[in-house]
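Novice: Dropping in run.csv, which is CSV, C-alpha atoms (C1' of nucleotides):
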chain,number,residue,atom,x,y,z
A,1,MET,CA,-38.3,11.5,2.5
A,2,SER,CA,-37.2,12.7,-0.9
A,3,ALA,CA,-38.4,12.4,-4.4
A,4,LYS,CA,-37.3,9.1,-5.8
A,5,LEU,CA,-37.0,7.9,-9.3
A,6,PRO,CA,-39.4,5.3,-10.5
A,7,ILE,CA,-37.2,2.3,-10.0
A,8,SER,CA,-37.5,-1.2,-11.4
A,9,PHE,CA,-35.2,-4.1,-12.2
A,10,HIS,CA,-37.3,-5.1,-15.1
A,11,CYS,CA,-38.9,-2.9,-17.7
A,12,GLN,CA,-42.5,-2.0,-17.0
A,13,ASN,CA,-43.4,-1.3,-20.6
A,14,ALA,CA,-44.8,-4.3,-22.3
A,15,ASP,CA,-42.5,-3.5,-25.1
A,16,HIS,CA,-39.0,-2.7,-24.0
A,17,GLN,CA,-38.2,-1.3,-27.4
A,18,ARG,CA,-40.1,1.7,-26.3
A,19,CYS,CA,-37.6,2.3,-23.5
A,20,VAL,CA,-34.8,2.0,-26.0
A,21,ASN,CA,-36.5,4.4,-28.4
A,22,ASP,CA,-37.2,6.9,-25.6
A,23,ALA,CA,-33.6,6.7,-24.5
A,24,LEU,CA,-32.4,7.3,-28.0
A,25,ALA,CA,-34.7,10.2,-28.5
A,26,GLN,CA,-33.7,11.8,-25.3
A,27,ALA,CA,-30.0,11.3,-26.1
A,28,GLU,CA,-30.4,12.9,-29.4
A,29,MET,CA,-32.0,15.9,-27.8
A,30,LEU,CA,-29.3,16.2,-25.2
A,31,CYS,CA,-26.6,16.0,-27.8
A,32,ARG,CA,-28.2,18.6,-29.9
A,33,GLN,CA,-28.5,20.9,-26.9
A,34,GLN,CA,-24.9,20.5,-26.1
A,35,LYS,CA,-23.8,20.7,-29.7
A,36,GLN,CA,-22.3,17.2,-29.5
A,37,ARG,CA,-22.5,14.8,-32.5
A,38,PHE,CA,-24.8,11.9,-31.9
A,39,THR,CA,-23.2,9.8,-34.7
A,40,ALA,CA,-24.5,6.5,-36.1
A,41,ILE,CA,-22.0,4.5,-34.0
A,42,ARG,CA,-22.8,6.3,-30.8
A,43,GLN,CA,-26.5,5.8,-31.4
A,44,ARG,CA,-26.0,2.1,-32.2
A,45,VAL,CA,-23.9,1.6,-29.0
A,46,LEU,CA,-26.4,3.4,-26.9
A,47,GLU,CA,-29.1,1.3,-28.4
A,48,LEU,CA,-27.2,-1.9,-27.7
A,49,VAL,CA,-26.6,-0.9,-24.1
A,50,TRP,CA,-30.3,-0.1,-23.6
A,51,GLN,CA,-31.5,-3.3,-25.2
A,52,GLN,CA,-30.6,-5.3,-22.1
A,53,HIS,CA,-31.7,-4.7,-18.6
A,54,LYS,CA,-28.4,-5.7,-17.4
A,55,PRO,CA,-24.8,-4.4,-17.8
A,56,ILE,CA,-23.2,-5.2,-21.1
A,57,GLY,CA,-19.5,-5.6,-21.7
A,58,ALA,CA,-17.5,-3.6,-24.2
A,59,TYR,CA,-16.6,-6.7,-26.2
A,60,GLU,CA,-20.2,-7.8,-26.2
A,61,VAL,CA,-21.1,-4.5,-27.7
A,62,LEU,CA,-18.3,-5.0,-30.2
A,63,GLU,CA,-19.7,-8.4,-31.3
A,64,HIS,CA,-23.0,-6.9,-32.1
A,65,LEU,CA,-21.4,-4.1,-34.1
A,66,GLN,CA,-19.4,-6.6,-36.0
A,67,ALA,CA,-22.6,-8.1,-37.3
A,68,ASP,CA,-23.0,-4.8,-39.2
A,69,GLY,CA,-19.4,-4.8,-40.5
A,70,ARG,CA,-15.9,-4.9,-39.3
A,71,THR,CA,-15.3,-2.9,-36.1
A,72,ALA,CA,-12.3,-2.7,-33.7
A,73,PRO,CA,-12.2,-2.2,-29.9
A,74,PRO,CA,-11.2,1.5,-30.0
A,75,THR,CA,-14.4,2.3,-31.8
A,76,VAL,CA,-16.5,0.8,-29.0
A,77,TYR,CA,-14.5,2.3,-26.2
A,78,ARG,CA,-14.6,5.8,-27.8
A,79,ALA,CA,-18.4,5.6,-28.1
A,80,LEU,CA,-18.7,4.4,-24.6
A,81,ASP,CA,-16.4,7.1,-23.3
A,82,PHE,CA,-18.5,9.7,-25.1
A,83,LEU,CA,-21.7,8.3,-23.8
A,84,GLN,CA,-20.3,8.4,-20.3
A,85,LYS,CA,-19.2,12.0,-20.6
A,86,MET,CA,-22.6,12.9,-21.8
A,87,GLY,CA,-24.1,11.1,-18.8
A,88,LEU,CA,-26.0,8.7,-21.0
A,89,VAL,CA,-24.4,5.5,-19.7
A,90,HIS,CA,-22.7,4.4,-16.6
A,91,ARG,CA,-19.7,2.1,-16.2
A,92,ILE,CA,-20.1,-0.6,-13.5
A,93,ALA,CA,-16.6,-1.0,-12.2
A,94,SER,CA,-17.2,-4.2,-10.4
A,95,LEU,CA,-18.3,-5.8,-13.6
A,96,ASN,CA,-16.3,-4.0,-16.3
A,97,ALA,CA,-19.6,-3.3,-18.0
A,98,TYR,CA,-22.0,-0.6,-19.0
A,99,VAL,CA,-25.6,0.3,-18.5
A,100,GLY,CA,-27.9,3.0,-19.8
A,101,CYS,CA,-28.5,5.9,-17.4
A,102,VAL,CA,-32.1,6.4,-16.3
A,103,GLN,CA,-31.7,10.0,-15.6
A,104,PRO,CA,-29.5,11.4,-18.3
A,105,GLY,CA,-29.0,15.1,-18.7
A,106,GLU,CA,-25.9,15.7,-16.8
A,107,SER,CA,-22.9,13.5,-16.1
A,108,HIS,CA,-23.2,12.0,-12.6
A,109,ASP,CA,-22.3,9.0,-10.6
A,110,GLY,CA,-25.1,6.5,-10.0
A,111,HIS,CA,-25.9,4.1,-7.2
A,112,PHE,CA,-26.5,0.6,-8.3
A,113,LEU,CA,-28.2,-2.5,-7.1
A,114,ILE,CA,-27.2,-5.5,-9.1
A,115,CYS,CA,-28.8,-8.9,-8.9
A,116,LYS,CA,-26.2,-11.6,-8.7
A,117,SER,CA,-28.7,-14.2,-9.9
A,118,CYS,CA,-30.4,-12.6,-12.9
A,119,HIS,CA,-27.9,-9.8,-13.3
A,120,ALA,CA,-30.7,-7.2,-13.6
A,121,LEU,CA,-29.6,-3.8,-12.4
A,122,ALA,CA,-31.4,-0.9,-10.8
A,123,GLU,CA,-30.1,2.6,-10.6
A,124,ILE,CA,-31.3,4.2,-7.5
A,125,ASN,CA,-31.4,7.8,-6.5
A,126,ALA,CA,-30.8,7.8,-2.7
A,127,PRO,CA,-29.9,11.2,-1.3
A,128,GLU,CA,-29.4,9.5,2.1
A,129,ILE,CA,-26.5,7.5,0.7
A,130,ASN,CA,-24.9,10.6,-0.6
A,131,ALA,CA,-25.5,12.4,2.7
A,132,ALA,CA,-23.9,9.6,4.7
A,133,ILE,CA,-20.9,9.5,2.4
A,134,MET,CA,-20.5,13.3,2.5
A,135,GLN,CA,-20.8,13.3,6.3
A,136,SER,CA,-18.2,10.5,6.7
A,137,ALA,CA,-15.9,12.2,4.3
A,138,SER,CA,-16.1,15.6,5.8
A,139,ASP,CA,-15.5,14.1,9.3
A,140,ILE,CA,-12.0,13.4,8.2
A,141,GLY,CA,-11.5,16.4,5.8
A,142,PHE,CA,-11.9,14.5,2.6
A,143,GLN,CA,-13.5,16.1,-0.4
A,144,PRO,CA,-15.4,13.7,-2.6
A,145,VAL,CA,-15.4,14.1,-6.3
A,146,ARG,CA,-16.6,10.8,-7.7
A,147,GLN,CA,-18.3,7.8,-6.3
A,148,THR,CA,-18.5,4.1,-7.1
A,149,ILE,CA,-21.5,2.6,-5.3
A,150,GLU,CA,-22.4,-0.8,-6.4
A,151,VAL,CA,-24.3,-3.3,-4.3
A,152,MET,CA,-24.6,-6.9,-5.3
A,153,GLY,CA,-27.4,-9.0,-4.0
A,154,LEU,CA,-30.8,-10.4,-4.9
A,155,CYS,CA,-33.5,-8.6,-6.6
A,156,PRO,CA,-37.1,-9.0,-5.5
A,157,GLU,CA,-37.9,-11.6,-8.2
A,158,CYS,CA,-34.9,-13.7,-7.4
A,159,SER,CA,-35.1,-13.6,-3.6
A,160,GLY,CA,-38.8,-14.6,-3.6
B,161,MET,CA,-22.6,8.8,16.6
B,162,SER,CA,-20.9,5.5,16.4
B,163,ALA,CA,-17.6,4.1,17.3
B,164,LYS,CA,-15.2,4.8,14.5
B,165,LEU,CA,-11.9,3.3,13.5
B,166,PRO,CA,-8.9,5.4,13.9
B,167,ILE,CA,-8.7,6.7,10.4
B,168,SER,CA,-5.8,8.2,8.5
B,169,PHE,CA,-4.6,8.5,5.0
B,170,HIS,CA,-1.0,8.5,6.1
B,171,CYS,CA,0.6,6.3,8.7
B,172,GLN,CA,0.9,7.8,12.1
B,173,ASN,CA,3.7,5.7,13.2
B,174,ALA,CA,7.1,7.3,12.6
B,175,ASP,CA,8.1,4.0,11.3
B,176,HIS,CA,5.6,2.5,8.9
B,177,GLN,CA,7.5,-0.8,9.1
B,178,ARG,CA,5.7,-1.2,12.4
B,179,CYS,CA,2.3,-1.1,10.7
B,180,VAL,CA,3.6,-3.8,8.3
B,181,ASN,CA,4.9,-6.0,11.1
B,182,ASP,CA,1.7,-5.6,13.1
B,183,ALA,CA,-0.4,-6.6,10.1
B,184,LEU,CA,1.8,-9.6,9.4
B,185,ALA,CA,1.6,-10.7,13.0
B,186,GLN,CA,-2.1,-10.3,13.2
B,187,ALA,CA,-2.5,-12.2,9.9
B,188,GLU,CA,-0.4,-15.0,11.2
B,189,MET,CA,-2.6,-15.3,14.3
B,190,LEU,CA,-5.8,-15.3,12.2
B,191,CYS,CA,-4.5,-17.9,9.9
B,192,ARG,CA,-3.5,-20.1,12.8
B,193,GLN,CA,-6.9,-19.7,14.4
B,194,GLN,CA,-8.6,-20.7,11.2
B,195,LYS,CA,-6.2,-23.4,10.4
B,196,GLN,CA,-5.1,-21.8,7.2
B,197,ARG,CA,-1.6,-21.9,5.9
B,198,PHE,CA,0.2,-18.5,6.0
B,199,THR,CA,2.8,-19.5,3.5
B,200,ALA,CA,5.9,-17.6,2.6
B,201,ILE,CA,4.3,-16.2,-0.6
B,202,ARG,CA,1.2,-15.2,1.2
B,203,GLN,CA,3.2,-13.4,3.8
B,204,ARG,CA,5.4,-11.7,1.2
B,205,VAL,CA,2.3,-10.5,-0.8
B,206,LEU,CA,0.6,-9.2,2.3
B,207,GLU,CA,3.8,-7.4,3.2
B,208,LEU,CA,4.1,-5.8,-0.2
B,209,VAL,CA,0.5,-4.7,0.0
B,210,TRP,CA,1.0,-3.2,3.3
B,211,GLN,CA,4.3,-1.5,2.4
B,212,GLN,CA,2.4,1.2,0.6
B,213,HIS,CA,-0.3,3.5,1.9
B,214,LYS,CA,-2.0,3.2,-1.5
B,215,PRO,CA,-3.5,0.4,-3.5
B,216,ILE,CA,-1.1,-1.8,-5.3
B,217,GLY,CA,-1.7,-3.6,-8.5
B,218,ALA,CA,-1.3,-7.4,-8.9
B,219,TYR,CA,1.4,-6.9,-11.5
B,220,GLU,CA,3.2,-4.5,-9.3
B,221,VAL,CA,3.2,-7.1,-6.6
B,222,LEU,CA,4.5,-9.6,-9.2
B,223,GLU,CA,7.4,-7.4,-10.1
B,224,HIS,CA,8.5,-7.3,-6.5
B,225,LEU,CA,8.2,-11.0,-6.2
B,226,GLN,CA,10.3,-11.5,-9.3
B,227,ALA,CA,13.1,-9.7,-7.7
B,228,ASP,CA,13.3,-12.8,-5.4
B,229,GLY,CA,13.1,-15.2,-8.2
B,230,ARG,CA,10.8,-16.2,-11.1
B,231,THR,CA,7.1,-15.9,-10.4
B,232,ALA,CA,4.1,-16.0,-12.6
B,233,PRO,CA,0.8,-14.1,-12.4
B,234,PRO,CA,-1.3,-17.0,-11.1
B,235,THR,CA,0.9,-17.1,-8.0
B,236,VAL,CA,0.1,-13.5,-7.2
B,237,TYR,CA,-3.6,-13.8,-7.9
B,238,ARG,CA,-3.9,-16.9,-5.8
B,239,ALA,CA,-2.2,-15.2,-2.9
B,240,LEU,CA,-4.4,-12.1,-3.3
B,241,ASP,CA,-7.5,-14.3,-3.5
B,242,PHE,CA,-6.5,-16.1,-0.3
B,243,LEU,CA,-5.8,-12.9,1.5
B,244,GLN,CA,-9.2,-11.5,0.4
B,245,LYS,CA,-11.0,-14.6,1.6
B,246,MET,CA,-9.3,-14.2,4.9
B,247,GLY,CA,-10.4,-10.6,5.1
B,248,LEU,CA,-6.7,-9.4,5.1
B,249,VAL,CA,-6.8,-7.4,2.0
B,250,HIS,CA,-9.5,-5.6,-0.1
B,251,ARG,CA,-9.7,-5.3,-3.8
B,252,ILE,CA,-10.5,-1.8,-5.1
B,253,ALA,CA,-12.6,-2.4,-8.1
B,254,SER,CA,-12.3,1.1,-9.6
B,255,LEU,CA,-8.5,0.8,-9.6
B,256,ASN,CA,-7.9,-2.9,-10.1
B,257,ALA,CA,-5.7,-2.8,-7.1
B,258,TYR,CA,-5.4,-4.1,-3.6
B,259,VAL,CA,-5.0,-2.6,-0.1
B,260,GLY,CA,-4.4,-4.1,3.3
B,261,CYS,CA,-7.5,-4.3,5.5
B,262,VAL,CA,-7.3,-2.3,8.7
B,263,GLN,CA,-9.8,-4.4,10.6
B,264,PRO,CA,-9.0,-8.0,9.6
B,265,GLY,CA,-10.6,-10.9,11.4
B,266,GLU,CA,-13.5,-11.6,9.2
B,267,SER,CA,-14.1,-11.2,5.5
B,268,HIS,CA,-16.1,-8.0,4.8
B,269,ASP,CA,-16.6,-5.2,2.4
B,270,GLY,CA,-14.9,-1.9,3.2
B,271,HIS,CA,-15.8,1.7,2.4
B,272,PHE,CA,-13.0,3.6,0.8
B,273,LEU,CA,-11.9,7.1,0.4
B,274,ILE,CA,-9.2,7.5,-2.2
B,275,CYS,CA,-7.2,10.6,-3.0
B,276,LYS,CA,-7.0,11.2,-6.7
B,277,SER,CA,-3.9,13.3,-6.2
B,278,CYS,CA,-1.6,11.3,-3.9
B,279,HIS,CA,-3.5,8.0,-4.2
B,280,ALA,CA,-3.6,7.5,-0.5
B,281,LEU,CA,-6.5,5.5,0.7
B,282,ALA,CA,-8.5,5.4,3.9
B,283,GLU,CA,-10.8,2.6,4.8
B,284,ILE,CA,-13.6,4.0,6.8
B,285,ASN,CA,-16.2,2.3,9.0
B,286,ALA,CA,-19.4,4.2,8.5
B,287,PRO,CA,-22.5,2.5,9.8
B,288,GLU,CA,-24.6,5.4,8.4
B,289,ILE,CA,-23.5,4.5,4.9
B,290,ASN,CA,-24.5,0.9,5.4
B,291,ALA,CA,-27.8,2.0,7.0
B,292,ALA,CA,-28.6,4.3,4.0
B,293,ILE,CA,-27.9,1.5,1.6
B,294,MET,CA,-29.9,-1.1,3.5
B,295,GLN,CA,-32.8,1.3,3.7
B,296,SER,CA,-32.7,2.1,0.0
B,297,ALA,CA,-32.4,-1.5,-0.9
B,298,SER,CA,-35.2,-2.7,1.3
B,299,ASP,CA,-37.5,0.0,0.0
B,300,ILE,CA,-37.5,-1.9,-3.3
B,301,GLY,CA,-37.2,-5.4,-1.9
B,302,PHE,CA,-33.5,-5.9,-2.7
B,303,GLN,CA,-31.3,-8.0,-0.5
B,304,PRO,CA,-27.7,-6.8,-0.4
B,305,VAL,CA,-25.0,-9.3,-0.2
B,306,ARG,CA,-21.8,-7.4,-1.1
B,307,GLN,CA,-20.9,-3.8,-1.6
B,308,THR,CA,-18.4,-1.8,-3.6
B,309,ILE,CA,-18.2,1.6,-2.0
B,310,GLU,CA,-15.3,3.7,-3.4
B,311,VAL,CA,-15.1,7.4,-3.2
B,312,MET,CA,-12.5,9.3,-5.2
B,313,GLY,CA,-11.6,12.8,-4.1
B,314,LEU,CA,-9.0,14.9,-2.3
B,315,CYS,CA,-7.5,13.9,1.0
B,316,PRO,CA,-7.0,16.6,3.7
B,317,GLU,CA,-3.3,17.0,2.7
B,318,CYS,CA,-4.0,17.4,-1.0
B,319,SER,CA,-7.0,19.7,-0.7
B,320,GLY,CA,-5.2,22.2,1.6
C,321,DT,C1',7.0,-43.7,5.8
C,322,DA,C1',2.9,-43.7,2.9
C,323,DT,C1',-0.9,-41.1,1.4
C,324,DG,C1',-4.1,-37.5,0.3
C,325,DT,C1',-4.7,-32.7,-0.1
C,326,DA,C1',-3.4,-28.0,-0.5
C,327,DA,C1',-0.2,-25.0,-2.5
C,328,DT,C1',2.8,-23.6,-6.0
C,329,DG,C1',5.2,-23.8,-10.7
C,330,DT,C1',4.5,-23.3,-15.5
C,331,DT,C1',2.7,-22.5,-19.9
C,332,DA,C1',-0.6,-20.6,-22.4
C,333,DT,C1',-4.3,-17.8,-23.3
C,334,DA,C1',-8.5,-15.1,-22.2
C,335,DA,C1',-10.6,-10.6,-21.3
C,336,DT,C1',-10.3,-5.8,-20.9
C,337,DA,C1',-8.4,-1.5,-22.5
C,338,DT,C1',-5.5,2.0,-24.9
C,339,DA,C1',-1.7,4.2,-27.9
C,340,DG,C1',-0.8,6.1,-32.2
C,341,DC,C1',-1.4,7.4,-36.8
C,342,DG,C1',-3.7,8.4,-41.1
C,343,DC,C1',-8.1,9.0,-43.5
C,344,DT,C1',-12.8,10.8,-43.8
C,345,DT,C1',-16.4,13.7,-42.9
C,346,DA,C1',-19.0,17.2,-40.7
C,347,DA,C1',-19.1,21.9,-39.0
C,348,DA,C1',-17.4,26.5,-39.0
C,349,DA,C1',-15.1,30.2,-41.2
C,350,DA,C1',-14.1,32.7,-45.1
D,351,DT,C1',-19.9,27.9,-52.1
D,352,DT,C1',-15.4,26.9,-51.1
D,353,DT,C1',-11.9,26.4,-47.8
D,354,DT,C1',-10.3,25.4,-43.4
D,355,DT,C1',-10.4,23.0,-39.2
D,356,DA,C1',-11.3,19.8,-36.0
D,357,DA,C1',-13.8,15.8,-34.6
D,358,DG,C1',-14.7,11.2,-35.4
D,359,DC,C1',-13.4,6.9,-37.1
D,360,DG,C1',-10.6,2.8,-39.2
D,361,DC,C1',-7.0,0.2,-38.3
D,362,DT,C1',-2.9,-2.1,-36.4
D,363,DA,C1',-0.5,-3.0,-32.7
D,364,DT,C1',0.1,-3.6,-27.9
D,365,DA,C1',-0.6,-2.8,-22.9
D,366,DT,C1',-2.9,-4.4,-18.8
D,367,DT,C1',-5.5,-7.4,-16.0
D,368,DA,C1',-6.9,-12.0,-15.1
D,369,DT,C1',-7.6,-17.1,-15.5
D,370,DA,C1',-7.5,-22.1,-17.4
D,371,DA,C1',-5.3,-26.3,-17.1
D,372,DC,C1',-2.1,-29.4,-15.8
D,373,DA,C1',2.4,-30.9,-13.6
D,374,DT,C1',5.0,-30.8,-9.5
D,375,DT,C1',6.1,-30.0,-4.7
D,376,DA,C1',5.5,-29.7,0.1
D,377,DC,C1',2.7,-30.3,4.1
D,378,DA,C1',-0.3,-32.6,7.5
D,379,DT,C1',-1.6,-36.8,9.4
D,380,DA,C1',-2.5,-41.6,9.4
Could you render the structure from this file as structure tokens?
Specialist:
Amino acid sequence: MSAKLPISFHCQNADHQRCVNDALAQAEMLCRQQKQRFTAIRQRVLELVWQQHKPIGAYEVLEHLQADGRTAPPTVYRALDFLQKMGLVHRIASLNAYVGCVQPGESHDGHFLICKSCHALAEINAPEINAAIMQSASDIGFQPVRQTIEVMGLCPECSG
Amino acid sequence: MSAKLPISFHCQNADHQRCVNDALAQAEMLCRQQKQRFTAIRQRVLELVWQQHKPIGAYEVLEHLQADGRTAPPTVYRALDFLQKMGLVHRIASLNAYVGCVQPGESHDGHFLICKSCHALAEINAPEINAAIMQSASDIGFQPVRQTIEVMGLCPECSG
DNA sequence: TATGTAATGTTATAATATAGCGCTTAAAAA
DNA sequence: TTTTTAAGCGCTATATTATAACATTACATA
């Protein structure tokens, strides 16, 4: 057994805004540490990503930004690329969408469980999955570099 | 230890056309069994997918089809959708591309190792990966339905 | 052959993502 | 502080991936 992240599909804080604020504060700290600029746009995009418990599409982010004034797609993609490089958000390949990373601090690949009913997403930290992949890969001489691990199914609330 | 598929990144037949022909023959049999029509377009698309050892994009398939006469995107996507439903090809979400399935016969999700250098792909059959995912999921009450497991890295030939 | 259904043709458009270039602004150097 | 430099962003255009909608064709079978 290994240490696991506290996992949940839905926010446990009564006030999700607190999650958002925490994420923003942590991001600011990380950017400062790594001498990266946490610009207004980057903050706003990260905030938008965190404001939902489910993956958000780039063009959905764009729509929100456009409420504050004209914005074009490259602006959104640049911000998302930056946030990914900083390990602050993950891209979900099977959905073409983005989620906030629950364990920021270093760029890494996540393992995701995604509810096909309510679209909630949980990022899990499962060393056994990594171990199984590493083992299978090394069996045939393959050197893993990045992973895309996305499992669709039903979350506890929707399967009940 | 479990039974594993014969895995390789590159074809072991001297003549890859044999792989292609085998795949086509098996597909024809499966379609017959399930009373599905293995039309000329479906055959041709499956052939094109199999003719490479790496994932092929829908529009790349389209280009090849257009050499034989005018064809539009929906035709390609329909054929690919059909082949996916039949379990004859897999879609690789992280690449927006398609590969032939090495163990057709029922629709299923594959586990993929993809070389980021030569783009070769291996479909592996690793029950340990499934087990690890199932365990992690059931720990938090999640019921998996579909998986996207794609590992990028270096194949034996490219890492040597 | 007549008939219903599945498959395909065709046009248009939606959805996702990036190239390229010039301006602005923040950070670093002088 | 001023200058220099590079990063970030605005903006236009366009590439890439995918689907909607409806007409037509071809197949299975009654």
Novice: Within 12 Å of stretch 325-342 of chain C, counting all atoms listed in the file, which residues qualify if same-chain residues fewer than 2 places away don't, as a PyMOL selection string?
Specialist: (chain A and resi 57-60+72-78+81+93+95-97) or (chain B and resi 196-202+229-239+242+256) or (chain C and resi 323+344) or (chain D and resi 359-379)
Novice: Pairing the C-alpha atoms in order and superposing chain A on chain B, what is the resulting RMSD?
Specialist: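 Computed on C-alpha atoms only, the RMSD stands at 0.1 Å.
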Novice: If I take atom CA of B:Gln177 and atom CA of B:Thr308, how far is one from the other in Å, to one decimal?
Specialist: 28.9 Å
Novice: Distance atom CA of A:His53-atom CA of B:His268, one decimal place?
Specialist: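 Between these atoms lies a distance of 28.3 Å.
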Novice: Taking (-20.6, 21.5, -38.9) in the coordinates of the supplied file, I want to know which residues reach to within 10 Å of it, counting all atoms listed in the file; could you give the answer as a ChimeraX atom specification?
Specialist: /A:35,37 /C:345-348 /D:356-357
